[in-house]
Amino acid sequence: MYQSGQTVMKSRWIINLLLIVAIGILILVAYFEPGIDEQAEVPAITKLKKYQLHRIHLNRPVRDDLVLVKTTTQGWVIEHTPELPADDYQVNALQRLAEQETVRSYSAAELDLGQLQLDPPYATAILNDTAIEFGNLDPLQGLRYVRIADQVHLIPDLYLQLIEASYTQFVRRRLFADNTRLARIALPGFTIAKTDQGWTVDPQQEVSADHLQQFVDRWQLAVGLNIQAADSTMEGESVELVEADTGHSVNFVIGAREPELVLVRRDLGIQYRMGGSGGSLLSLTAPEPNDQE
């Protein structure tokens with residue numbers, strides 16, 4: 001009986017050992033997945049990274065060339081007369097082109113570049129010194145042919161519409177740069193100024209300190225719905241805003257009040273369409289909920 005008990009115990013020990021080994025093998029199989037190849041990393045069309053870009057030159061047949069430059073003090077700007085602040089969202093969309101993954105690639109020598117509208121190219125985006133030439137669409141998948149040096153890539157058609165856009169679509173839509181603080185706002189009919197005691201209104205009006213701060217915030221954070229070229233000689237009611245940190249004065253002309261507020265920067269040759277709620281920038285009265293939509 002004793003020997004029989006030892007045999008049973010030994011058998012159980014062997015079974016447990018085999019179970020442990022089997023579990024170990026299953027863990028290794030799950031971890032290493034033998035027979036399943038690792039998915040190859042899809043290469044980008046350039047070796048550039050977004051953060052490395054400092055100059056973007058767009059050459060397009062439908063419009064004049066557009067050049068965007070990254071500065072140390074103002075961020076991205078548009079080379080223009082005069083120089084214009086660039087919209088971060090639009091620039092970021094263009095920068096993604098540098099890291100765009102290719103769907104398929106071919107040697108340029110093996111293709112009829114003229115048939116693909118790559119010789120000459122339809123449009124070109126030059127990122128730093130890397131030229132990306134745009135051709136036509138692949139009719140089967142709607143992918144765009146682009147050429148870089150001796151390689152032709154097929155990529156999603158995400159960039160040509162942006163490349164062909166007017167320069168005004170690349171202008172920063174915010175009236176002021178991030179973190180700009182105002183010290184004075186002079187409007188038709190009244191002026192708000194910052195003093196040691198807080199905001200004051202001239203002539204005096206019955207308005208709370210909170211409403212005054214909200215009014216100033218509306219100007220500091222104001223964003224145009226649309227930007228267009230404007231006549232630099234336009235006349236009209238004027239608005240002057242003084243920045244607190246620099247003392248720099250920014251001047252607008254009120255191009256229209258109805259059906260929407262239009263603010264003209266004559267010094268930049270552009271105008272901002274502020275939408276139907278833009279009237280809240282001209283009145284200390286708190287805007288109604290329906291007016292903010």
# chains A, B, ... in the order shown; residues from 1 in each chain; ligands from 1
>>> closest_atom_pairs(of="stretch 96-197 of chain A", to="stretch 40-57 of chain A", cutoff="6 Å", atoms="only C-alpha atoms", output="JSON lines")
{"residue": "A:Ala98", "atom": "CA", "partner": "A:Leu48", "partner_atom": "CA", "distance": 5.7}
{"residue": "A:Glu99", "atom": "CA", "partner": "A:Ala44", "partner_atom": "CA", "distance": 5.3}
{"residue": "A:Gln100", "atom": "CA", "partner": "A:Ala44", "partner_atom": "CA", "distance": 5.3}
{"residue": "A:Glu101", "atom": "CA", "partner": "A:Ala44", "partner_atom": "CA", "distance": 4.1}
{"residue": "A:Thr102", "atom": "CA", "partner": "A:Ala44", "partner_atom": "CA", "distance": 5.8}
{"residue": "A:Ala125", "atom": "CA", "partner": "A:His57", "partner_atom": "CA", "distance": 5.8}
{"residue": "A:Ile126", "atom": "CA", "partner": "A:His57", "partner_atom": "CA", "distance": 5.0}
{"residue": "A:Leu127", "atom": "CA", "partner": "A:Ile56", "partner_atom": "CA", "distance": 4.9}
{"residue": "A:Asn128", "atom": "CA", "partner": "A:Arg55", "partner_atom": "CA", "distance": 5.0}
>>> residues_around(residues="A:Trp219", least_positions_apart="2", cutoff="10 Å", atoms="only C-alpha atoms", output="CSV table (one decimal) with N, CA and C atoms, in the first residue's frame")
chain,number,residue,atom,x,y,z
A,174,ARG,N,-7.0,83.9,-35.9
A,174,ARG,CA,-7.2,84.7,-34.7
A,174,ARG,C,-6.6,86.1,-34.9
A,175,LEU,N,-7.3,87.1,-34.4
A,175,LEU,CA,-6.9,88.5,-34.5
A,175,LEU,C,-5.6,88.8,-33.9
A,176,PHE,N,-5.3,88.0,-32.8
A,176,PHE,CA,-4.1,88.2,-32.0
A,176,PHE,C,-3.4,86.9,-31.8
A,181,ARG,N,-2.2,90.0,-24.4
A,181,ARG,CA,-3.1,90.7,-23.4
A,181,ARG,C,-3.2,92.1,-23.9
A,182,LEU,N,-4.5,92.7,-23.8
A,182,LEU,CA,-4.7,94.0,-24.2
A,182,LEU,C,-4.8,95.0,-23.0
A,185,ILE,N,-8.8,99.4,-25.3
A,185,ILE,CA,-9.6,99.1,-26.5
A,185,ILE,C,-10.4,100.4,-26.7
A,214,GLN,N,-15.1,90.1,-19.5
A,214,GLN,CA,-15.6,89.2,-20.6
A,214,GLN,C,-15.5,89.9,-21.9
A,215,PHE,N,-15.8,91.2,-22.0
A,215,PHE,CA,-15.7,91.9,-23.2
A,215,PHE,C,-14.2,92.0,-23.7
A,216,VAL,N,-13.3,92.2,-22.8
A,216,VAL,CA,-11.9,92.2,-23.2
A,216,VAL,C,-11.4,90.8,-23.7
A,217,ASP,N,-11.9,89.8,-23.0
A,217,ASP,CA,-11.6,88.4,-23.4
A,217,ASP,C,-12.1,88.1,-24.8
A,221,LEU,N,-9.5,86.9,-27.7
A,221,LEU,CA,-9.6,85.5,-28.3
A,221,LEU,C,-10.4,85.5,-29.6
A,222,ALA,N,-10.7,86.7,-30.1
A,222,ALA,CA,-11.5,86.7,-31.3
A,222,ALA,C,-10.9,86.0,-32.5
A,223,VAL,N,-11.8,85.3,-33.3
A,223,VAL,CA,-11.3,84.5,-34.4
A,223,VAL,C,-12.2,84.8,-35.6
A,241,LEU,N,-6.6,98.9,-30.7
A,241,LEU,CA,-6.3,98.1,-29.6
A,241,LEU,C,-4.8,98.1,-29.2
A,278,GLY,N,-20.3,88.8,-34.3
A,278,GLY,CA,-19.2,89.8,-34.2
A,278,GLY,C,-19.6,91.1,-33.6
A,280,SER,N,-20.9,91.5,-30.8
A,280,SER,CA,-20.6,91.5,-29.4
A,280,SER,C,-19.2,92.1,-29.1
A,281,LEU,N,-18.4,92.4,-30.2
A,281,LEU,CA,-17.1,93.0,-30.0
A,281,LEU,C,-17.3,94.5,-30.0
A,282,LEU,N,-18.5,95.0,-30.3
A,282,LEU,CA,-18.7,96.5,-30.4
A,282,LEU,C,-19.6,97.0,-29.3
>>> closest_atom_pairs(of="stretch 167-246 of chain A", to="stretch 61-68 of chain A", cutoff="12 Å", atoms="only C-alpha atoms", output="CSV")
residue,atom,partner,partner_atom,distance
A:Tyr167,CA,A:Leu66,CA,6.8
A:Thr168,CA,A:Leu66,CA,10.4
A:Gln169,CA,A:Leu66,CA,11.2
A:Phe170,CA,A:Leu68,CA,9.0
A:Val171,CA,A:Leu68,CA,10.4
>>> write_last_selection(atoms="C-alpha atoms", output="tab-separated table (two decimals), in the first residue's frame")
chain	number	residue	atom	x	y	z
A	167	TYR	CA	-2.76	82.79	-49.53
A	168	THR	CA	-5.54	84.29	-47.40
A	169	GLN	CA	-6.53	80.76	-46.34
A	170	PHE	CA	-3.11	80.43	-44.71
A	171	VAL	CA	-3.43	83.65	-42.69
>>> residues_around(residues="A:Gly276", least_positions_apart="5", cutoff="7 Å", atoms="only C-alpha atoms", output="PyMOL selection string")
chain A and resi 259-261
>>> closest_residue(among="A:Asp202, A:Asp231, A:Asp245, A:Asp138", to="A:Arg266", atoms="only C-alpha atoms")
A:Asp231
>>> atom_distance(atom1="atom CA of A:Asp178", atom2="atom CA of A:Tyr89")
13.4 Å
>>> closest_residue(among="A:Asn251, A:Val103, A:Arg184, A:Leu162", to="A:Val146", atoms="only C-alpha atoms")
A:Val103
>>> residues_around(residues="A:Gly75", least_positions_apart="2", cutoff="10 Å", atoms="only C-alpha atoms", output="list of chain:residue names")
A:His54, A:Val69, A:Lys70, A:Thr71, A:Thr72, A:Thr73, A:Val77, A:Pro85, A:Ala86, A:Asp87, A:Asp88, A:Ala177
>>> residues_around(residues="A:Val239", least_positions_apart="3", cutoff="12 Å", atoms="only C-alpha atoms", output="VMD selection string")
chain A and resid 184 to 192 219 235 to 236 242 249 to 255 262 to 266 281 to 282
>>> atom_distance(atom1="atom CA of A:Thr180", atom2="atom CA of A:Gln220")
6.5 Å
>>> residues_around(residues="A:Leu111", least_positions_apart="6", cutoff="12 Å", atoms="only C-alpha atoms", output="PyMOL selection string")
chain A and resi 105+117-119+145+147+150-153
>>> atom_distance(atom1="atom CA of A:Glu83", atom2="atom CA of A:Gln228")
15.1 Å
>>> closest_residue(among="A:Val91, A:Ile163, A:Ile155, A:Ala123", to="A:Leu137", atoms="only C-alpha atoms")
A:Ile155
>>> select_by_dssp(residues="stretch 251-287 of chain A", states="strand (DSSP E or B)", output="PyMOL selection string")
chain A and resi 251-256+262-265+270-273
